[in-house]
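start.cif follows (mmCIF, C-alpha atoms):
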```cif
data_data
#
loop_
_atom_site.label_atom_id
_atom_site.label_comp_id
_atom_site.auth_asym_id
_atom_site.auth_seq_id
_atom_site.Cartn_x
_atom_site.Cartn_y
_atom_site.Cartn_z
CA MET Y 134 42.14 -9.28 40.03
CA ASP Y 135 42.99 -12.52 38.32
CA THR Y 136 45.52 -10.87 36.02
CA LEU Y 137 47.13 -9.11 38.96
CA ASN Y 138 47.43 -12.42 40.73
CA ILE Y 139 49.14 -14.04 37.72
CA LEU Y 140 51.52 -11.11 37.37
CA LEU Y 141 52.43 -11.18 41.04
CA MET Y 142 53.00 -14.94 40.94
CA GLY Y 143 55.14 -14.58 37.83
CA PHE Y 144 57.22 -11.88 39.48
CA ILE Y 145 57.83 -13.85 42.68
CA SER Y 146 58.55 -16.99 40.72
CA ILE Y 147 61.20 -15.40 38.50
CA VAL Y 148 62.85 -13.59 41.41
CA LEU Y 149 62.99 -16.44 43.90
CA ILE Y 150 62.06 -19.81 42.42
CA ASN Y 151 63.25 -19.64 38.83
CA ASN Y 152 66.04 -17.19 39.58
CA LEU Y 153 68.10 -16.94 36.39
CA VAL Y 154 71.46 -17.20 38.13
CA PHE Y 155 70.67 -20.01 40.52
CA THR Y 156 68.46 -22.32 38.46
CA LYS Y 157 69.21 -21.44 34.83
CA PHE Y 158 72.93 -20.64 35.17
CA LEU Y 159 72.51 -17.44 33.19
CA GLY Y 160 74.80 -14.49 33.76
CA ILE Y 161 77.44 -16.52 35.56
CA CYS Y 162 80.35 -14.63 33.95
CA PRO Y 163 79.56 -11.21 35.44
CA TYR Y 164 78.37 -13.01 38.54
CA LEU Y 165 81.88 -14.35 39.09
CA GLY Y 166 83.63 -11.32 37.62
CA VAL Y 167 82.21 -8.29 39.36
CA SER Y 168 80.80 -9.74 42.54
CA GLY Y 169 83.93 -8.77 44.48
CA ARG Y 170 82.57 -5.52 45.87
CA ILE Y 171 79.00 -4.84 46.85
CA ASP Y 172 78.70 -1.34 45.32
CA MET Y 173 80.00 -2.54 41.95
CA ALA Y 174 77.71 -5.53 42.11
CA PHE Y 175 74.76 -3.25 42.73
CA GLY Y 176 75.72 -1.00 39.82
CA MET Y 177 75.97 -3.99 37.52
CA GLY Y 178 72.64 -5.31 38.77
CA MET Y 179 70.90 -2.02 38.11
CA ALA Y 180 72.36 -1.77 34.62
CA VAL Y 181 71.27 -5.33 33.85
CA THR Y 182 67.78 -4.72 35.25
CA PHE Y 183 67.36 -1.71 33.01
CA VAL Y 184 68.60 -3.39 29.85
CA VAL Y 185 66.77 -6.64 30.47
CA THR Y 186 63.43 -4.89 30.98
CA LEU Y 187 63.93 -2.87 27.81
CA SER Y 188 65.10 -5.72 25.62
CA GLY Y 189 62.66 -8.27 27.04
CA THR Y 190 59.79 -5.97 26.09
CA LEU Y 191 61.22 -5.06 22.70
CA THR Y 192 61.99 -8.63 21.68
CA TRP Y 193 58.48 -9.74 22.72
CA LEU Y 194 57.00 -7.00 20.57
CA ILE Y 195 59.23 -7.79 17.60
CA ASP Y 196 58.59 -11.50 17.94
CA HIS Y 197 54.81 -11.14 18.06
CA LEU Y 198 54.26 -8.18 15.76
CA ILE Y 199 56.85 -8.78 13.05
CA LEU Y 200 58.45 -12.22 13.08
CA MET Y 201 55.44 -14.41 13.77
CA PRO Y 202 53.00 -12.82 11.27
CA MET Y 203 55.68 -12.89 8.58
CA ASN Y 204 56.96 -16.41 9.31
CA LEU Y 205 60.47 -15.18 9.90
CA GLU Y 206 61.11 -17.19 13.07
CA VAL Y 207 64.35 -18.48 11.54
CA THR Y 208 65.91 -15.07 12.00
CA ARG Y 209 64.78 -14.86 15.61
CA TYR Y 210 68.20 -15.20 17.24
CA ILE Y 211 69.79 -12.66 14.94
CA CYS Y 212 66.99 -10.18 15.60
CA PHE Y 213 67.15 -10.75 19.35
CA ILE Y 214 70.88 -10.18 19.58
CA LEU Y 215 70.60 -7.06 17.41
CA VAL Y 216 67.87 -5.66 19.64
CA ILE Y 217 69.96 -6.33 22.73
CA ALA Y 218 73.12 -4.81 21.26
CA GLY Y 219 71.09 -1.84 20.06
CA SER Y 220 69.40 -1.22 23.37
CA VAL Y 221 72.68 -1.48 25.23
CA GLN Y 222 74.15 1.11 22.87
CA LEU Y 223 71.11 3.34 23.31
CA VAL Y 224 71.22 3.14 27.08
CA GLU Y 225 74.92 3.88 27.06
CA MET Y 226 74.55 7.00 24.90
CA TYR Y 227 71.57 8.23 26.87
CA VAL Y 228 73.22 7.78 30.24
CA ARG Y 229 76.46 9.36 29.08
CA LYS Y 230 74.65 12.43 27.77
CA PHE Y 231 72.17 13.04 30.56
CA PHE Y 232 73.59 11.43 33.70
CA PRO Y 233 77.39 11.81 33.56
CA THR Y 234 77.83 10.86 37.22
CA LEU Y 235 75.81 7.71 36.79
CA TYR Y 236 77.83 6.96 33.66
CA GLU Y 237 81.04 7.22 35.67
CA SER Y 238 79.77 4.67 38.16
CA PHE Y 239 78.36 1.99 35.87
CA GLY Y 240 79.52 3.02 32.43
CA ILE Y 241 82.17 0.32 32.28
CA PHE Y 242 79.59 -2.43 32.78
CA LEU Y 243 77.35 -1.41 29.93
CA PRO Y 244 79.32 -2.80 26.97
CA LEU Y 245 79.78 -6.04 28.92
CA ILE Y 246 76.04 -6.50 29.19
CA THR Y 247 75.64 -7.25 25.49
CA THR Y 248 77.33 -10.59 26.01
CA ASN Y 249 75.59 -11.24 29.31
CA CYS Y 250 73.75 -14.50 28.82
CA ALA Y 251 71.04 -13.44 31.27
CA ILE Y 252 69.58 -10.96 28.80
CA LEU Y 253 69.40 -13.15 25.71
CA GLY Y 254 68.50 -16.09 27.94
CA LEU Y 255 65.50 -14.30 29.37
CA CYS Y 256 64.28 -13.25 25.91
CA LEU Y 257 64.55 -16.89 24.81
CA PHE Y 258 62.80 -18.20 27.92
CA ILE Y 259 59.91 -15.75 27.45
CA ASN Y 260 59.61 -17.16 23.97
CA LEU Y 261 59.92 -20.75 25.19
CA TRP Y 262 57.34 -20.41 27.97
CA GLY Y 263 54.92 -19.04 25.37
CA ILE Y 264 54.08 -15.82 27.19
CA ASP Y 265 51.35 -14.28 25.02
CA ASN Y 266 50.65 -11.14 26.98
CA LEU Y 267 52.78 -8.00 26.81
CA LEU Y 268 52.25 -7.01 30.44
CA GLU Y 269 53.36 -10.42 31.63
CA ALA Y 270 56.50 -10.23 29.47
CA VAL Y 271 57.37 -6.81 30.94
CA VAL Y 272 56.85 -8.00 34.51
CA LEU Y 273 58.90 -11.15 33.93
CA SER Y 274 61.77 -9.18 32.37
CA PHE Y 275 61.80 -6.71 35.24
CA GLY Y 276 61.62 -9.56 37.77
CA ALA Y 277 64.54 -11.29 36.09
CA GLY Y 278 66.63 -8.15 36.46
CA ILE Y 279 65.69 -7.82 40.13
CA GLY Y 280 66.50 -11.50 40.69
CA PHE Y 281 69.91 -11.05 39.07
CA THR Y 282 70.63 -7.98 41.20
CA MET Y 283 69.63 -9.83 44.33
CA ALA Y 284 71.79 -12.83 43.51
CA ILE Y 285 74.86 -10.78 42.64
CA CYS Y 286 74.50 -8.57 45.75
CA ILE Y 287 74.15 -11.57 48.08
CA MET Y 288 77.25 -13.07 46.48
CA ALA Y 289 79.21 -9.82 46.78
CA GLY Y 290 78.31 -9.57 50.46
CA ILE Y 291 79.53 -13.10 51.06
CA ARG Y 292 82.70 -12.56 49.07
CA GLU Y 293 83.63 -9.45 51.02
CA ASN Y 294 83.67 -11.62 54.14
CA LEU Y 295 85.26 -14.54 52.31
CA ASN Y 296 88.41 -12.43 51.93
CA LEU Y 297 88.93 -12.74 55.67
CA ALA Y 298 88.23 -16.47 55.80
CA ASP Y 299 90.88 -19.16 55.87
CA VAL Y 300 90.36 -20.86 52.50
CA PRO Y 301 92.68 -23.69 51.37
CA GLU Y 302 95.31 -22.33 49.00
CA CYS Y 303 94.15 -24.26 45.92
CA LEU Y 304 90.51 -23.23 46.30
CA LYS Y 305 91.18 -19.48 46.50
CA GLY Y 306 89.44 -17.28 43.96
CA ALA Y 307 86.99 -18.78 41.51
CA PRO Y 308 86.67 -22.33 42.99
CA ILE Y 309 85.47 -21.19 46.41
CA THR Y 310 83.13 -18.69 44.75
CA LEU Y 311 81.56 -21.49 42.73
CA ILE Y 312 81.18 -23.69 45.79
CA THR Y 313 79.57 -20.82 47.69
CA ALA Y 314 77.23 -20.27 44.76
CA GLY Y 315 76.34 -23.96 44.92
CA LEU Y 316 75.41 -23.67 48.58
CA LEU Y 317 73.34 -20.58 47.77
CA THR Y 318 71.38 -22.46 45.11
CA LEU Y 319 70.71 -25.15 47.70
CA ALA Y 320 69.27 -22.47 49.98
CA PHE Y 321 67.17 -21.07 47.17
CA MET Y 322 65.73 -24.50 46.41
CA GLY Y 323 63.84 -24.04 49.67
CA PHE Y 324 61.56 -21.61 47.83
CA ALA Y 325 60.62 -24.24 45.27
CA GLY Y 326 57.42 -25.36 46.96
CA MET Y 327 56.10 -21.83 47.43
CA ILE Y 328 54.01 -21.65 44.27
CA ARG Y 329 52.42 -24.62 42.64
CA MET H 1187 104.46 -16.41 6.08
CA THR H 1188 108.21 -16.14 5.76
CA LYS H 1189 109.19 -18.52 8.53
CA ASN H 1190 110.51 -21.94 7.65
CA SER H 1191 108.22 -24.92 7.89
CA ASP H 1192 109.63 -26.23 11.18
CA THR H 1193 108.78 -23.16 13.25
CA THR H 1194 105.47 -22.68 11.44
CA ALA H 1195 104.49 -26.20 12.33
CA GLY H 1196 105.70 -25.46 15.86
CA ILE H 1197 103.38 -22.46 16.08
CA TYR H 1198 100.43 -24.54 14.90
CA LYS H 1199 101.13 -27.24 17.43
CA GLU H 1200 101.56 -24.66 20.17
CA THR H 1201 98.25 -23.01 19.23
CA LEU H 1202 96.46 -26.34 19.20
CA LEU H 1203 97.82 -27.45 22.56
CA ALA H 1204 97.20 -24.08 24.20
CA GLY H 1205 93.46 -24.58 23.94
CA LEU H 1206 93.63 -28.06 25.44
CA TRP H 1207 95.39 -27.27 28.68
CA ARG H 1208 97.48 -24.11 29.13
CA GLU H 1209 94.69 -21.76 28.06
CA ASN H 1210 91.80 -24.15 28.51
CA PRO H 1211 88.73 -21.96 28.12
CA VAL H 1212 86.86 -23.28 31.14
CA PHE H 1213 89.56 -24.16 33.64
CA ARG H 1214 92.01 -21.37 32.91
CA LEU H 1215 90.15 -18.49 31.32
CA LEU H 1216 86.81 -19.10 33.11
CA LEU H 1217 84.90 -18.44 29.90
CA GLY H 1218 81.64 -19.98 28.80
CA MET H 1219 80.48 -20.88 32.29
CA CYS H 1220 76.80 -20.80 31.46
CA PRO H 1221 76.63 -23.90 29.19
CA THR H 1222 79.36 -25.56 31.24
CA LEU H 1223 77.11 -25.59 34.25
CA ALA H 1224 73.78 -25.99 32.52
CA VAL H 1225 74.17 -28.96 30.18
CA THR H 1226 76.54 -31.17 32.15
CA ALA H 1227 73.99 -33.26 34.03
CA ALA H 1228 74.83 -36.15 31.65
CA VAL H 1229 77.51 -36.91 29.08
CA LYS H 1230 75.30 -37.05 25.98
CA PRO H 1231 73.95 -33.48 26.07
CA ALA H 1232 77.39 -32.26 27.11
CA LEU H 1233 79.00 -33.86 24.07
CA THR H 1234 76.30 -32.51 21.75
CA MET H 1235 76.79 -29.05 23.18
CA GLY H 1236 80.56 -29.38 22.75
CA LEU H 1237 80.17 -30.39 19.11
CA CYS H 1238 77.84 -27.46 18.45
CA VAL H 1239 80.37 -25.10 20.00
CA ILE H 1240 83.19 -26.59 17.90
CA PHE H 1241 81.13 -26.11 14.74
CA VAL H 1242 80.21 -22.52 15.53
CA LEU H 1243 83.72 -21.67 16.71
CA LEU H 1244 85.34 -23.08 13.55
CA CYS H 1245 82.93 -21.35 11.19
CA SER H 1246 83.01 -18.00 12.94
CA ASN H 1247 86.80 -18.02 13.27
CA ILE H 1248 87.13 -18.78 9.54
CA VAL H 1249 84.70 -16.05 8.50
CA VAL H 1250 86.10 -13.47 10.92
CA SER H 1251 89.63 -14.28 9.79
CA LEU H 1252 88.62 -13.82 6.15
CA MET H 1253 86.97 -10.46 6.75
CA ARG H 1254 89.49 -9.13 9.28
CA ASN H 1255 90.84 -6.49 6.89
CA LEU H 1256 87.38 -5.13 6.14
CA LEU H 1257 86.33 -4.62 9.76
CA LYS H 1258 85.76 -1.12 11.11
CA PRO H 1259 86.92 -0.94 14.74
CA HIS H 1260 83.68 0.39 16.22
CA LEU H 1261 81.50 -2.13 14.38
CA ARG H 1262 83.81 -5.05 15.11
CA ILE H 1263 81.90 -6.65 17.96
CA LEU H 1264 78.58 -6.26 16.17
CA MET H 1265 79.93 -8.03 13.10
CA PHE H 1266 81.33 -10.86 15.26
CA THR H 1267 78.00 -11.27 17.00
CA LEU H 1268 76.02 -11.34 13.76
CA THR H 1269 78.38 -13.90 12.23
CA ILE H 1270 78.09 -16.09 15.31
CA ALA H 1271 74.31 -15.72 15.45
CA THR H 1272 74.05 -16.91 11.86
CA PHE H 1273 76.04 -20.08 12.50
CA VAL H 1274 74.21 -20.75 15.76
CA THR H 1275 70.92 -20.57 13.87
CA ILE H 1276 72.28 -23.15 11.44
CA ALA H 1277 73.38 -25.45 14.28
CA ASP H 1278 70.03 -25.04 16.03
CA LEU H 1279 68.01 -25.84 12.91
CA PHE H 1280 70.25 -28.85 12.27
CA LEU H 1281 69.64 -30.19 15.78
CA LYS H 1282 65.90 -29.60 15.49
CA ALA H 1283 65.83 -31.49 12.21
CA PHE H 1284 68.00 -34.49 13.10
CA ALA H 1285 67.99 -34.78 16.89
CA LEU H 1286 64.73 -33.36 18.14
CA ARG H 1287 64.90 -34.91 21.59
CA MET H 1288 68.43 -33.67 22.17
CA SER H 1289 67.38 -30.23 20.95
CA GLU H 1290 64.56 -30.25 23.52
CA THR H 1291 66.94 -31.32 26.30
CA LEU H 1292 69.38 -28.56 25.50
CA GLY H 1293 66.55 -26.05 25.13
CA PRO H 1294 67.60 -22.41 24.99
CA TYR H 1295 71.22 -23.23 25.71
CA VAL H 1296 71.90 -23.83 22.01
CA PRO H 1297 70.91 -20.29 20.98
CA LEU H 1298 72.79 -19.08 24.03
CA ILE H 1299 76.01 -20.12 22.27
CA ILE H 1300 75.69 -16.70 20.61
CA VAL H 1301 76.66 -14.99 23.85
CA ASN H 1302 79.18 -17.64 24.86
CA CYS H 1303 82.23 -15.57 25.72
CA ILE H 1304 84.64 -18.17 24.30
CA ILE H 1305 83.58 -17.57 20.73
CA ILE H 1306 83.67 -13.78 20.86
CA CYS H 1307 86.94 -13.94 22.79
CA ARG H 1308 88.59 -16.12 20.11
CA ALA H 1309 87.22 -13.96 17.30
CA GLU H 1310 88.64 -10.89 18.99
CA ALA H 1311 91.91 -12.28 20.31
CA CYS H 1312 92.86 -14.62 17.49
CA ALA H 1313 90.81 -14.60 14.30
CA SER H 1314 90.75 -10.84 13.82
CA LYS H 1315 94.55 -10.71 13.95
CA ASN H 1316 95.70 -13.95 12.32
CA GLY H 1317 95.51 -15.77 9.04
CA LEU H 1318 93.08 -18.48 8.08
CA LEU H 1319 95.10 -21.53 9.13
CA VAL H 1320 96.12 -20.24 12.57
CA SER H 1321 92.53 -19.18 13.30
CA PHE H 1322 91.26 -22.58 12.19
CA ILE H 1323 93.70 -24.46 14.42
CA ASP H 1324 93.05 -22.13 17.33
CA ALA H 1325 89.31 -22.73 17.01
CA LEU H 1326 89.89 -26.48 16.87
CA GLY H 1327 92.10 -26.47 19.97
CA MET H 1328 89.76 -24.26 21.98
CA GLY H 1329 86.67 -26.15 20.84
CA VAL H 1330 88.11 -29.56 21.68
CA GLY H 1331 89.41 -28.24 25.00
CA PHE H 1332 85.95 -26.95 25.84
CA THR H 1333 84.26 -30.20 24.81
CA LEU H 1334 86.66 -32.32 26.84
CA THR H 1335 86.08 -30.16 29.90
CA LEU H 1336 82.32 -30.45 29.50
CA CYS H 1337 82.61 -34.23 29.17
CA VAL H 1338 84.80 -34.57 32.27
CA LEU H 1339 82.38 -32.49 34.31
CA ALA H 1340 79.38 -34.32 32.91
CA GLY H 1341 81.06 -37.68 33.50
CA VAL H 1342 81.61 -36.93 37.18
CA ARG H 1343 78.06 -35.67 37.62
CA GLU H 1344 76.42 -38.50 35.69
CA VAL H 1345 78.29 -41.23 37.57
CA LEU H 1346 77.43 -39.75 40.93
CA SER H 1347 73.81 -38.92 40.11
CA THR H 1348 72.81 -42.15 38.33
CA GLY H 1349 75.74 -44.56 38.65
CA ALA H 1350 76.07 -44.69 34.87
CA ILE H 1351 78.08 -43.14 32.04
CA TRP H 1352 76.52 -42.65 28.61
CA GLU H 1353 73.48 -44.36 30.16
CA ILE H 1354 75.51 -47.55 30.71
CA SER H 1355 75.55 -48.56 34.34
CA ILE H 1356 79.08 -48.94 35.74
CA LEU H 1357 78.76 -48.74 39.49
CA PRO H 1358 77.66 -51.73 41.66
CA ALA H 1359 73.94 -52.15 42.30
CA GLY H 1360 74.22 -51.10 45.95
CA PHE H 1361 75.20 -47.55 44.97
CA VAL H 1362 72.79 -44.90 46.19
CA PRO H 1363 72.49 -42.15 43.55
CA TRP H 1364 73.24 -38.62 44.74
CA ALA H 1365 70.20 -36.73 43.54
CA ALA H 1366 71.88 -33.41 44.35
CA MET H 1367 74.41 -33.95 41.56
CA ARG H 1368 71.68 -33.61 38.96
CA MET H 1369 70.57 -30.28 40.39
CA PRO H 1370 72.26 -26.86 40.04
CA VAL H 1371 74.05 -27.44 43.35
CA GLY H 1372 75.95 -30.38 41.89
CA ALA H 1373 77.04 -28.34 38.89
CA PHE H 1374 78.44 -25.47 40.91
CA ILE H 1375 80.20 -27.61 43.51
CA THR H 1376 81.67 -30.12 41.05
CA LEU H 1377 83.05 -27.32 38.90
CA GLY H 1378 84.44 -25.56 41.97
CA LEU H 1379 86.22 -28.69 43.16
CA LEU H 1380 87.52 -29.49 39.66
CA LEU H 1381 88.96 -25.99 39.39
CA GLY H 1382 90.66 -26.55 42.73
CA LEU H 1383 92.08 -29.84 41.45
CA VAL H 1384 93.39 -28.14 38.32
CA ASN H 1385 95.05 -25.49 40.49
CA VAL H 1386 96.79 -28.20 42.53
CA LEU H 1387 97.95 -30.07 39.41
CA SER H 1388 99.29 -27.02 37.63
CA ARG H 1389 101.12 -25.86 40.74
CA LYS H 1390 102.83 -29.23 41.04
CA LYS H 1391 103.96 -28.99 37.42
CA ALA H 1392 105.40 -25.52 37.84
#
```

As structure tokens, how would this structure be written, given the file I've shared?
Amino acid sequence: MDTLNILLMGFISIVLINNLVFTKFLGICPYLGVSGRIDMAFGMGMAVTFVVTLSGTLTWLIDHLILMPMNLEVTRYICFILVIAGSVQLVEMYVRKFFPTLYESFGIFLPLITTNCAILGLCLFINLWGIDNLLEAVVLSFGAGIGFTMAICIMAGIRENLNLADVPECLKGAPITLITAGLLTLAFMGFAGMIR
Amino acid sequence: MTKNSDTTAGIYKETLLAGLWRENPVFRLLLGMCPTLAVTAAVKPALTMGLCVIFVLLCSNIVVSLMRNLLKPHLRILMFTLTIATFVTIADLFLKAFALRMSETLGPYVPLIIVNCIIICRAEACASKNGLLVSFIDALGMGVGFTLTLCVLAGVREVLSTGAIWEISILPAGFVPWAAMRMPVGAFITLGLLLGLVNVLSRKKA
């Protein structure tokens, strides 16, 4: 019961309170790049969720089973980025072979994910927070993906309407998107007191 | 190179200046947003971050430029990433050894330089096609441009959030600090407004 409680708290906290996009500024590039249309944003979010869950779990395992016992922490970043690049490649090949229609819809996002800071960032944060339990690492990784999807979909919804708004000429495009994102983070700060 | 020295020097100057303003990585290309927003609450961490990025960018551009004829197309990005990861590890260990407190402030954003789009973008767009000297100068221009941008952003945020720059108070005592500037909100909105300002300035020039 206690473990379940901790897992649930961790999940809610990473989705709402410590949302990677709004509080840690991770994954801002795709957040600005593909949040123009809501269906593309959702595709990107799903792809990120999948890869982040996979690589969060794998890097935790590698970190705890190989690097820490062998005192190879120095090579941590290189290992992490290799795992991420590898899992992106794996997912891409798998999806292309078995789900061609799905590949059509989010295939273009997959190579981009390797350089998505949200993925490496989450792996590093799991390491930094000293999560010593595999289940917790899996739940946190999955929650981070869901949080990213939520953030990017909210933004896409706003931007679809922003096209119709009367924005000053010099603020069109990226500036107004950033300002909107700022207001969104302000809204999300309201969740901060939820879990102590 | 077969060109005479005047035009060669012209190319170098052009490359150097491109990174500072015309192709400024943050304002113009919108690359490397993650550290731009995350470490600019004060000038000191911003400058440290900028210096780390310059170091990594220089080293990776040099190495990529040296091995550009050996690269296989499909393994290109992987090789870039591994090169960058190596130099980032060096920078991170250096910070941990000589500036522990700064390293703790920057936290995971130092290793996150690995996935900073600026570095991969320069490796791909410049270093893998050009010689050593051009790549070096390009890295210098881009790196300095990035650092300056970070410092401007951090300067605005630090003044408004604490009334000080570089921890030296400059505003009158009656100034009420804007706590919001220290938070993520401040980062997003300041950067948005700065981008707007840059748009206005560049339109006036044109």

| task | Report as a PyMOL selection string the set of chain H residues whose atoms approach chain Y to within 6 Å, with distances computed over all atoms listed in the file. | result | chain H and resi 1220+1271+1301+1371+1374-1375+1378+1381-1382+1385-1386

Kindly export the residues of the current selection with C-alpha atoms, as an mmCIF file, keeping the file's coordinate frame.
```
data_model
loop_
_atom_site.group_PDB
_atom_site.id
_atom_site.type_symbol
_atom_site.label_atom_id
_atom_site.label_comp_id
_atom_site.auth_asym_id
_atom_site.auth_seq_id
_atom_site.Cartn_x
_atom_site.Cartn_y
_atom_site.Cartn_z
ATOM 1 C CA CYS H 1220 76.800 -20.800 31.460
ATOM 2 C CA ALA H 1271 74.310 -15.720 15.450
ATOM 3 C CA VAL H 1301 76.660 -14.990 23.850
ATOM 4 C CA VAL H 1371 74.050 -27.440 43.350
ATOM 5 C CA PHE H 1374 78.440 -25.470 40.910
ATOM 6 C CA ILE H 1375 80.200 -27.610 43.510
ATOM 7 C CA GLY H 1378 84.440 -25.560 41.970
ATOM 8 C CA LEU H 1381 88.960 -25.990 39.390
ATOM 9 C CA GLY H 1382 90.660 -26.550 42.730
ATOM 10 C CA ASN H 1385 95.050 -25.490 40.490
ATOM 11 C CA VAL H 1386 96.790 -28.200 42.530
#
```

| Residue nearest Leu1379 in chain H among H:Thr1234, H:Val1342, H:Leu1268, H:Ala1204 (counting only C-alpha atoms) | H:Val1342

| message | I need the output of the PyMOL selection byres ((chain Y and resi 264) around 12) for this file as a ChimeraX atom specification; which residues are they? | response | /Y:139-140,143,189-190,193-194,196-197,255-263,265-274

Please expand the PyMOL selection byres ((chain H and resi 1201) around 12) into the concrete residues it hits in this file, giving the result as a PDB file with C-alpha atoms, in the frame of the given file.
```pdb
ATOM      1  CA  THR H1194     105.470 -22.680  11.440  1.00  0.00           C
ATOM      2  CA  ALA H1195     104.490 -26.200  12.330  1.00  0.00           C
ATOM      3  CA  GLY H1196     105.700 -25.460  15.860  1.00  0.00           C
ATOM      4  CA  ILE H1197     103.380 -22.460  16.080  1.00  0.00           C
ATOM      5  CA  TYR H1198     100.430 -24.540  14.900  1.00  0.00           C
ATOM      6  CA  LYS H1199     101.130 -27.240  17.430  1.00  0.00           C
ATOM      7  CA  GLU H1200     101.560 -24.660  20.170  1.00  0.00           C
ATOM      8  CA  LEU H1202      96.460 -26.340  19.200  1.00  0.00           C
ATOM      9  CA  LEU H1203      97.820 -27.450  22.560  1.00  0.00           C
ATOM     10  CA  ALA H1204      97.200 -24.080  24.200  1.00  0.00           C
ATOM     11  CA  GLY H1205      93.460 -24.580  23.940  1.00  0.00           C
ATOM     12  CA  LEU H1206      93.630 -28.060  25.440  1.00  0.00           C
ATOM     13  CA  TRP H1207      95.390 -27.270  28.680  1.00  0.00           C
ATOM     14  CA  ARG H1208      97.480 -24.110  29.130  1.00  0.00           C
ATOM     15  CA  GLU H1209      94.690 -21.760  28.060  1.00  0.00           C
ATOM     16  CA  ASN H1210      91.800 -24.150  28.510  1.00  0.00           C
ATOM     17  CA  ARG H1308      88.590 -16.120  20.110  1.00  0.00           C
ATOM     18  CA  CYS H1312      92.860 -14.620  17.490  1.00  0.00           C
ATOM     19  CA  ASN H1316      95.700 -13.950  12.320  1.00  0.00           C
ATOM     20  CA  LEU H1319      95.100 -21.530   9.130  1.00  0.00           C
ATOM     21  CA  VAL H1320      96.120 -20.240  12.570  1.00  0.00           C
ATOM     22  CA  SER H1321      92.530 -19.180  13.300  1.00  0.00           C
ATOM     23  CA  PHE H1322      91.260 -22.580  12.190  1.00  0.00           C
ATOM     24  CA  ILE H1323      93.700 -24.460  14.420  1.00  0.00           C
ATOM     25  CA  ASP H1324      93.050 -22.130  17.330  1.00  0.00           C
ATOM     26  CA  ALA H1325      89.310 -22.730  17.010  1.00  0.00           C
ATOM     27  CA  LEU H1326      89.890 -26.480  16.870  1.00  0.00           C
ATOM     28  CA  GLY H1327      92.100 -26.470  19.970  1.00  0.00           C
ATOM     29  CA  MET H1328      89.760 -24.260  21.980  1.00  0.00           C
ATOM     30  CA  GLY H1331      89.410 -28.240  25.000  1.00  0.00           C
TER      31      GLY H1331
END
```

| For Ala1373 in chain H, the nearest of the candidates H:Asn1255, H:Ser1355, H:Ser1289, H:Ser1347, counting only C-alpha atoms |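 Looking at the shortest contact to Ala1373 in chain H, the residue is H:Ser1347.
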
Please rebuild range 1343-1355 of chain H with N, CA and C atoms and return the result as a short mmCIF file (atom, residue, chain, number, x, y, z; two decimals), in the frame of the given file.
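Wrote it out as result_5.cif, contents follow:
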```cif
data_model
loop_
_atom_site.label_atom_id
_atom_site.label_comp_id
_atom_site.auth_asym_id
_atom_site.auth_seq_id
_atom_site.Cartn_x
_atom_site.Cartn_y
_atom_site.Cartn_z
N ARG H 1343 79.42 -35.87 37.12
CA ARG H 1343 78.06 -35.67 37.62
C ARG H 1343 77.16 -36.83 37.28
N GLU H 1344 77.33 -37.42 36.06
CA GLU H 1344 76.42 -38.50 35.69
C GLU H 1344 76.69 -39.74 36.53
N VAL H 1345 77.98 -40.05 36.75
CA VAL H 1345 78.29 -41.23 37.57
C VAL H 1345 77.70 -41.08 38.96
N LEU H 1346 77.89 -39.91 39.55
CA LEU H 1346 77.43 -39.75 40.93
C LEU H 1346 75.91 -39.62 41.03
N SER H 1347 75.25 -39.11 39.97
CA SER H 1347 73.81 -38.92 40.11
C SER H 1347 73.02 -40.15 39.67
N THR H 1348 73.58 -40.98 38.76
CA THR H 1348 72.81 -42.15 38.33
C THR H 1348 73.61 -43.45 38.41
N GLY H 1349 74.91 -43.36 38.64
CA GLY H 1349 75.74 -44.56 38.65
C GLY H 1349 76.02 -45.08 37.25
N ALA H 1350 75.87 -44.22 36.23
CA ALA H 1350 76.07 -44.69 34.87
C ALA H 1350 76.82 -43.63 34.07
N ILE H 1351 77.49 -44.09 32.99
CA ILE H 1351 78.08 -43.14 32.04
C ILE H 1351 77.53 -43.47 30.67
N TRP H 1352 77.10 -42.44 29.93
CA TRP H 1352 76.52 -42.65 28.61
C TRP H 1352 75.33 -43.62 28.73
N GLU H 1353 74.64 -43.53 29.86
CA GLU H 1353 73.48 -44.36 30.16
C GLU H 1353 73.82 -45.84 30.30
N ILE H 1354 75.12 -46.17 30.45
CA ILE H 1354 75.51 -47.55 30.71
C ILE H 1354 75.95 -47.64 32.16
N SER H 1355 75.29 -48.51 32.92
CA SER H 1355 75.55 -48.56 34.34
C SER H 1355 76.95 -49.11 34.61
#
```
